[in-house]
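Here's the structure, in structure tokens; my notes come after.
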Amino acid sequence: MEELRRLLPEFQFYPKSVQQIRETTLALAKTEDREVLVIVGKKPAKFEGKVRKINGRRVHICPTDFRNAKKLQSLLPFLRPKPSWLRSSVGFGDRTGLATPGHIRAARALGVFPVLAQQSSRELRKTRRNFEQVMSRAVWGVFKEGYQDGFGADADHLSTLEEVRKAVRAGFTGFTIDVSPYLDYSESNLLVKVSRWSSPAELQRDYKRFEIVPGFELVFEGDEVWRICARFSRALNFVVKVWKFLIDKVGDFDFEISLDETSEPTSPKEHFFFVRELKLRGVKITSFAPRFVGKFEKAVDYKGDLEKLKENLRQHYLIAQYLGPYKLSIHSGSDKPSIYPLLAEVGPVHIKTSGTTYLVALEVIQQYEPNLFSRICRFAESVYEKEKKAYEGLIGAPKKAGLEGEGRQILHVTYGPVLKKFGREITQVLFKHEEEFYSKLEKHFGALSPAFKKQ
Ligand SMILES: [Zn+2]
């Protein structure tokens with residue numbers, strides 16, 4: 001550290017990032033407007049960057065991009081993501097790409113496995129980023145924080161094989177398959193649809209009565225199994241195709257199925273049928289995200305009957321224990337304090353959050369640049385009607401943008417155009433006040449702790 005400071009007094013080094021590889025020192029430093037990787041001595045891999053001779057020492061100043069992140073991952077195993085398996089875990093989506101150290105501190109305080117690189121295809125489109133950039137930002141954040149306890153990377157809400165391929169190329173080790181585009185709710189041509197997946201006669205023989213635990217049975221009557229199978233047959237085929245691809249290309253990975261954006265709650269029988277059929281074909285999942293009863297709107301507390309949700313969680317949990325075990329995954333899981341004690345009863349769970357980190361970023365803007373914050377709010381209100389369409393059925397009807405109550409939803413769903421217009425200004429403020437941003441994140445996610453009490 002002393003040598004680094006002596007050689008480059010104009011740089012501000014992050015002490016936790018310093019790594020020694022034989023005679024070479026590597027560290028992350030902050031210049032006026034960006035972060036750089038500094039390497040003193042012989043380069044231990046082919047990093048791209050500029051070299052300078054200072055006091056007879058070779059000093060390399062390298063950009064913190066994806067290519068250099070990959071080089072660094074090849075040298076330092078703790079920078080490579082891995083599966084979470086059955087550990088309690090939290091998905092920390094980061095649309096700004098600046099939040100990772102705050103997420104690490106939050107995960108440590110909660111005692112959970114952090115999924116630090118996590119974005120959905122929709123978020124990538126809206127933020128004009130790709131999986132490589134998301135991975136890169138997480139890796140540099142882990143390096144900066146010197147965090148060596150392991151983290152996950154979840155390519156979220158994938159619904160085409162092409163998206164899966166891109167995520168694999170970027171080094172992701174977790175894949176959430178959103179099957180909602182493959183669902184078929186119409187009741188016509190039942191047997192044709194069933195035959196896409198299985199033999200109708202065999203299915204009807206197979207699906208009669210299952211005792212999940214004493215007192216909780218699933219009974220399939222008449223052509224019920226056909227109706228369920230017809231609804232899911234294309235989805236099942238797609239999942240199996242993705243699974244085979246991933247087994248071949250990745251080996252060990254977290255595999256999640258998400259049904260959370262469907263129009264109807266996922267019934268226990270649908271959950272059971274879907275996962276059991278996958279299991280019979282050798283597909284192993286890490287987590288399953290049903291659509292639960294009630295409303296999981298973005299950035300506000302759960303809306304619905306908590307007693308009903310409790311029973312709903314218990315049934316899905318028992319099915320997950322019976323067929324797995326695998327974890328229940330709770331999407332739109334941030335800002336839902338009323339449900340956290342219920343989640344502790346059905347753990348370990350995976351809680352997925354994303355927009356909440358963006359809202360914490362806006363808190364920093366509000367505190368340090370109130371004028372910028374006001375401009376963001378006015379702009380968000382002006383694009384809200386258009387942007388909320390992507391979230392049909394999820395959003396109430398707030399009028400004024402803000403960080404309290406339902407105004408949060410306006411800010412939550414307008415991040416695409418807001419980041420396009422104000423992204424550079426937002427980044428500058430967060431970069432300048434990064435420690436405040438991290439502390440706010442740690443504090444904010446502390447609210448999840450009741451979900452992880454009972455282990
Ligand atoms: Zn989701």
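Chain labels run A, B, ... following the order of the structure tokens; each chain numbers its residues from 1, and ligands are numbered from 1 in the order shown.
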
Ligand 1 neighbours within 8 Å using only C-alpha atoms and all ligand atoms, as a PyMOL selection string: chain A and resi 156-157+178+258-261+289+330-332+352

Near region 31-35 of chain A, counting only C-alpha atoms, which residues have an atom at most 12 Å away, once you skip same-chain residues fewer than 3 positions from it, shown as a PDB file with N, CA and C atoms, in the first residue's frame?
ATOM      1  N   LEU A   8       2.019   6.601  -7.041  1.00  0.00           N
ATOM      2  CA  LEU A   8       0.906   7.320  -7.673  1.00  0.00           C
ATOM      3  C   LEU A   8       0.154   8.149  -6.626  1.00  0.00           C
ATOM      4  N   PRO A   9       0.791   9.199  -6.138  1.00  0.00           N
ATOM      5  CA  PRO A   9       0.158   9.974  -5.048  1.00  0.00           C
ATOM      6  C   PRO A   9      -1.159  10.624  -5.451  1.00  0.00           C
ATOM      7  N   GLU A  10      -1.377  10.791  -6.782  1.00  0.00           N
ATOM      8  CA  GLU A  10      -2.612  11.462  -7.215  1.00  0.00           C
ATOM      9  C   GLU A  10      -3.800  10.500  -7.232  1.00  0.00           C
ATOM     10  N   PHE A  11      -3.541   9.183  -7.062  1.00  0.00           N
ATOM     11  CA  PHE A  11      -4.638   8.205  -7.058  1.00  0.00           C
ATOM     12  C   PHE A  11      -5.100   7.932  -5.628  1.00  0.00           C
ATOM     13  N   GLN A  12      -6.388   7.599  -5.536  1.00  0.00           N
ATOM     14  CA  GLN A  12      -6.900   7.193  -4.227  1.00  0.00           C
ATOM     15  C   GLN A  12      -7.121   5.681  -4.284  1.00  0.00           C
ATOM     16  N   PHE A  13      -6.326   4.933  -3.509  1.00  0.00           N
ATOM     17  CA  PHE A  13      -6.426   3.465  -3.587  1.00  0.00           C
ATOM     18  C   PHE A  13      -7.474   2.919  -2.619  1.00  0.00           C
ATOM     19  N   TYR A  14      -8.085   1.808  -3.011  1.00  0.00           N
ATOM     20  CA  TYR A  14      -9.016   1.117  -2.116  1.00  0.00           C
ATOM     21  C   TYR A  14      -8.210   0.039  -1.380  1.00  0.00           C
ATOM     22  N   SER A  17      -8.778  -3.739  -1.701  1.00  0.00           N
ATOM     23  CA  SER A  17      -8.632  -4.383  -3.015  1.00  0.00           C
ATOM     24  C   SER A  17      -7.231  -4.945  -3.259  1.00  0.00           C
ATOM     25  N   ALA A  27      -4.174  -3.520  -7.507  1.00  0.00           N
ATOM     26  CA  ALA A  27      -5.119  -2.793  -6.651  1.00  0.00           C
ATOM     27  C   ALA A  27      -6.050  -1.945  -7.497  1.00  0.00           C
ATOM     28  N   LEU A  28      -7.183  -1.632  -6.896  1.00  0.00           N
ATOM     29  CA  LEU A  28      -8.129  -0.759  -7.570  1.00  0.00           C
ATOM     30  C   LEU A  28      -7.923   0.661  -7.039  1.00  0.00           C
ATOM     31  N   VAL A  38      -4.603  -0.900 -11.082  1.00  0.00           N
ATOM     32  CA  VAL A  38      -3.187  -0.562 -11.094  1.00  0.00           C
ATOM     33  C   VAL A  38      -2.383  -1.837 -10.832  1.00  0.00           C
ATOM     34  N   ILE A  61      -1.590   0.922 -15.855  1.00  0.00           N
ATOM     35  CA  ILE A  61      -2.890   1.520 -15.515  1.00  0.00           C
ATOM     36  C   ILE A  61      -3.900   0.943 -16.505  1.00  0.00           C
ATOM     37  N   CYS A  62      -4.845   0.142 -15.994  1.00  0.00           N
ATOM     38  CA  CYS A  62      -5.717  -0.633 -16.889  1.00  0.00           C
ATOM     39  C   CYS A  62      -7.183  -0.267 -16.663  1.00  0.00           C
ATOM     40  N   PRO A  63      -7.961  -0.205 -17.732  1.00  0.00           N
ATOM     41  CA  PRO A  63      -9.393   0.104 -17.572  1.00  0.00           C
ATOM     42  C   PRO A  63     -10.152  -1.044 -16.886  1.00  0.00           C
ATOM     43  N   THR A  64     -11.191  -0.680 -16.155  1.00  0.00           N
ATOM     44  CA  THR A  64     -11.997  -1.698 -15.455  1.00  0.00           C
ATOM     45  C   THR A  64     -13.144  -2.135 -16.375  1.00  0.00           C
ATOM     46  N   ASP A  65     -12.774  -2.813 -17.445  1.00  0.00           N
ATOM     47  CA  ASP A  65     -13.782  -3.291 -18.392  1.00  0.00           C
ATOM     48  C   ASP A  65     -13.951  -4.808 -18.289  1.00  0.00           C
ATOM     49  N   LEU A  98     -23.084   0.361  -9.736  1.00  0.00           N
ATOM     50  CA  LEU A  98     -22.177   0.960  -8.747  1.00  0.00           C
ATOM     51  C   LEU A  98     -22.427   0.464  -7.334  1.00  0.00           C
ATOM     52  N   ARG A 137     -19.252  -5.230 -13.814  1.00  0.00           N
ATOM     53  CA  ARG A 137     -19.454  -4.323 -12.671  1.00  0.00           C
ATOM     54  C   ARG A 137     -19.442  -5.110 -11.351  1.00  0.00           C
ATOM     55  N   TRP A 140     -15.719  -6.175 -10.531  1.00  0.00           N
ATOM     56  CA  TRP A 140     -14.899  -5.061 -10.019  1.00  0.00           C
ATOM     57  C   TRP A 140     -15.339  -4.655  -8.624  1.00  0.00           C
ATOM     58  N   GLY A 141     -16.634  -4.763  -8.350  1.00  0.00           N
ATOM     59  CA  GLY A 141     -17.123  -4.440  -7.007  1.00  0.00           C
ATOM     60  C   GLY A 141     -16.611  -5.426  -5.965  1.00  0.00           C
ATOM     61  N   PHE A 143     -13.867  -7.201  -6.220  1.00  0.00           N
ATOM     62  CA  PHE A 143     -12.428  -6.939  -6.106  1.00  0.00           C
ATOM     63  C   PHE A 143     -12.170  -5.722  -5.209  1.00  0.00           C
ATOM     64  N   LYS A 144     -12.932  -4.688  -5.424  1.00  0.00           N
ATOM     65  CA  LYS A 144     -12.790  -3.448  -4.644  1.00  0.00           C
ATOM     66  C   LYS A 144     -12.975  -3.708  -3.158  1.00  0.00           C
ATOM     67  N   ARG A 424     -25.639   9.760 -16.637  1.00  0.00           N
ATOM     68  CA  ARG A 424     -24.290  10.270 -16.383  1.00  0.00           C
ATOM     69  C   ARG A 424     -24.242  11.114 -15.110  1.00  0.00           C
ATOM     70  N   GLU A 425     -25.252  11.978 -14.949  1.00  0.00           N
ATOM     71  CA  GLU A 425     -25.284  12.818 -13.741  1.00  0.00           C
ATOM     72  C   GLU A 425     -25.458  11.969 -12.489  1.00  0.00           C
ATOM     73  N   THR A 427     -24.611   8.832 -12.070  1.00  0.00           N
ATOM     74  CA  THR A 427     -23.367   8.107 -11.825  1.00  0.00           C
ATOM     75  C   THR A 427     -22.327   8.997 -11.127  1.00  0.00           C
ATOM     76  N   GLN A 428     -22.233  10.231 -11.592  1.00  0.00           N
ATOM     77  CA  GLN A 428     -21.243  11.134 -10.985  1.00  0.00           C
ATOM     78  C   GLN A 428     -21.525  11.360  -9.503  1.00  0.00           C
ATOM     79  N   VAL A 429     -22.795  11.572  -9.171  1.00  0.00           N
ATOM     80  CA  VAL A 429     -23.140  11.824  -7.764  1.00  0.00           C
ATOM     81  C   VAL A 429     -22.859  10.573  -6.921  1.00  0.00           C
ATOM     82  N   LEU A 430     -23.234   9.400  -7.441  1.00  0.00           N
ATOM     83  CA  LEU A 430     -23.020   8.161  -6.675  1.00  0.00           C
ATOM     84  C   LEU A 430     -21.529   7.893  -6.498  1.00  0.00           C
ATOM     85  N   PHE A 431     -20.763   8.160  -7.529  1.00  0.00           N
ATOM     86  CA  PHE A 431     -19.320   7.937  -7.481  1.00  0.00           C
ATOM     87  C   PHE A 431     -18.684   8.830  -6.407  1.00  0.00           C
ATOM     88  N   LYS A 432     -19.158  10.060  -6.363  1.00  0.00           N
ATOM     89  CA  LYS A 432     -18.614  11.017  -5.402  1.00  0.00           C
ATOM     90  C   LYS A 432     -19.000  10.653  -3.966  1.00  0.00           C
TER      91      LYS A 432
END

Those in region 69-308 of chain A with helix (DSSP H, G or I) from DSSP, as a PyMOL selection string: chain A and resi 69-75+77-79+100-110+121-127+131-145+161-169+180-182+190-195+200-206+224-249+268-280+306-308

Filtered DSSP result for region 7-246 of chain A, state strand (DSSP E or B), as JSON, numbers by chain: {"A": [12, 13, 19, 20, 21, 24, 25, 26, 27, 28, 29, 30, 35, 36, 37, 38, 39, 40, 50, 51, 52, 53, 54, 57, 58, 59, 60, 61, 62, 63, 89, 90, 91, 92, 113, 114, 115, 116, 117, 118, 119, 120, 152, 153, 154, 155, 156, 157, 158, 174, 175, 176, 177, 178, 209, 210, 211, 212, 213, 216, 217, 218, 219]}

Please build the interface table for region 80-152 of chain A against region 433-437 of chain A with a cut-off of 12 Å, listing for each qualifying residue the nearest atom pair and the distance in Å to one decimal; count only C-alpha atoms, order rows by chain and increasing number, and write it as CSV.
residue,atom,partner,partner_atom,distance
A:Thr96,CA,A:Phe437,CA,11.6
A:Gly97,CA,A:Glu434,CA,11.9
A:Leu98,CA,A:Glu434,CA,8.2
A:Ala99,CA,A:Phe437,CA,7.5
A:Thr100,CA,A:Phe437,CA,10.4
A:Pro101,CA,A:Glu435,CA,9.1
A:Gly102,CA,A:Phe437,CA,7.1
A:His103,CA,A:Phe437,CA,10.2
A:Arg105,CA,A:Glu435,CA,11.3
A:Ala106,CA,A:Phe437,CA,11.8
A:Gly141,CA,A:Glu434,CA,11.7
A:Glu145,CA,A:Glu435,CA,11.8

Which residue of A:Phe272, A:Val346, A:Asp149, A:Ser121 approaches Glu162 (chain A) most closely, using only C-alpha atoms: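 Among the listed residues, A:Ser121 lies closest to Glu162 (chain A).
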
Shell of 12 Å around Arg108 (chain A), only C-alpha atoms, local chain residues under 3 positions omitted, as JSON, numbers by chain: {"A": [88, 89, 90, 101, 102, 103, 104, 105, 111, 112, 113, 114, 147, 148, 149, 150, 151, 442, 443, 445, 446, 449]}

Shell of 9 Å around region 358-373 of chain A, only C-alpha atoms, local chain residues under 2 positions omitted, as an MDAnalysis selection string: chainID A and resid 93:96 99 299 354:356 375:378 403 408 411:412 415 422 425:426 429:430 433 436:437 440:441 444

How about saving the chosen residues, C-alpha atoms kept, as a PDB file, in the first residue's frame?
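File again_22.pdb, as written:
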ATOM      1  CA  GLY A  93     -30.025  -6.433  -8.998  1.00  0.00           C
ATOM      2  CA  ASP A  94     -27.953  -3.353  -9.706  1.00  0.00           C
ATOM      3  CA  ARG A  95     -29.144  -1.143 -12.556  1.00  0.00           C
ATOM      4  CA  THR A  96     -26.540   1.535 -11.865  1.00  0.00           C
ATOM      5  CA  ALA A  99     -23.816  -0.810  -5.824  1.00  0.00           C
ATOM      6  CA  ALA A 299     -41.446  -1.108  -4.292  1.00  0.00           C
ATOM      7  CA  SER A 354     -33.634  -5.122  -8.122  1.00  0.00           C
ATOM      8  CA  GLY A 355     -35.459  -1.843  -8.297  1.00  0.00           C
ATOM      9  CA  THR A 356     -34.964  -1.133  -4.631  1.00  0.00           C
ATOM     10  CA  ARG A 375     -35.838  17.127 -12.393  1.00  0.00           C
ATOM     11  CA  ILE A 376     -35.809  13.330 -12.287  1.00  0.00           C
ATOM     12  CA  CYS A 377     -39.210  13.257 -10.548  1.00  0.00           C
ATOM     13  CA  ARG A 378     -40.865  15.644 -13.031  1.00  0.00           C
ATOM     14  CA  LEU A 403     -39.396   8.127  -2.451  1.00  0.00           C
ATOM     15  CA  ARG A 408     -41.982   5.083  -5.368  1.00  0.00           C
ATOM     16  CA  LEU A 411     -39.688   6.127  -9.962  1.00  0.00           C
ATOM     17  CA  HIS A 412     -39.453   2.357  -9.944  1.00  0.00           C
ATOM     18  CA  TYR A 415     -35.760   3.792 -14.634  1.00  0.00           C
ATOM     19  CA  PHE A 422     -29.818  11.420 -16.346  1.00  0.00           C
ATOM     20  CA  GLU A 425     -25.284  12.818 -13.741  1.00  0.00           C
ATOM     21  CA  ILE A 426     -26.589  10.088 -11.424  1.00  0.00           C
ATOM     22  CA  VAL A 429     -23.140  11.824  -7.764  1.00  0.00           C
ATOM     23  CA  LEU A 430     -23.020   8.161  -6.675  1.00  0.00           C
ATOM     24  CA  HIS A 433     -20.694   9.810  -2.449  1.00  0.00           C
ATOM     25  CA  GLU A 436     -22.916   7.030   1.754  1.00  0.00           C
ATOM     26  CA  PHE A 437     -24.531   4.950  -1.000  1.00  0.00           C
ATOM     27  CA  LYS A 440     -27.708   3.364   2.823  1.00  0.00           C
ATOM     28  CA  LEU A 441     -27.867   0.044   0.966  1.00  0.00           C
ATOM     29  CA  HIS A 444     -32.045  -0.591   3.610  1.00  0.00           C
TER      30      HIS A 444
END

Separation of CA of Tyr185 (chain A) from CA of Phe220 (chain A), in Å and rounded to one decimal: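 Computed distance, CA of Tyr185 (chain A) to CA of Phe220 (chain A), equals 18.1 Å.
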
CA of Arg165 (chain A) to CA of Ser198 (chain A), distance in Å rounded to a single decimal: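 Taking CA of Arg165 (chain A) and CA of Ser198 (chain A), their separation equals 27.4 Å.
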
Shell around region 280-288 of chain A at 10 Å using only C-alpha atoms, local window under 3 positions removed, as an MDAnalysis selection string: chainID A and resid 83:87 174:177 239:240 242:244 247 253:260 271 275:277 291 316:317 320 323:330 349:350
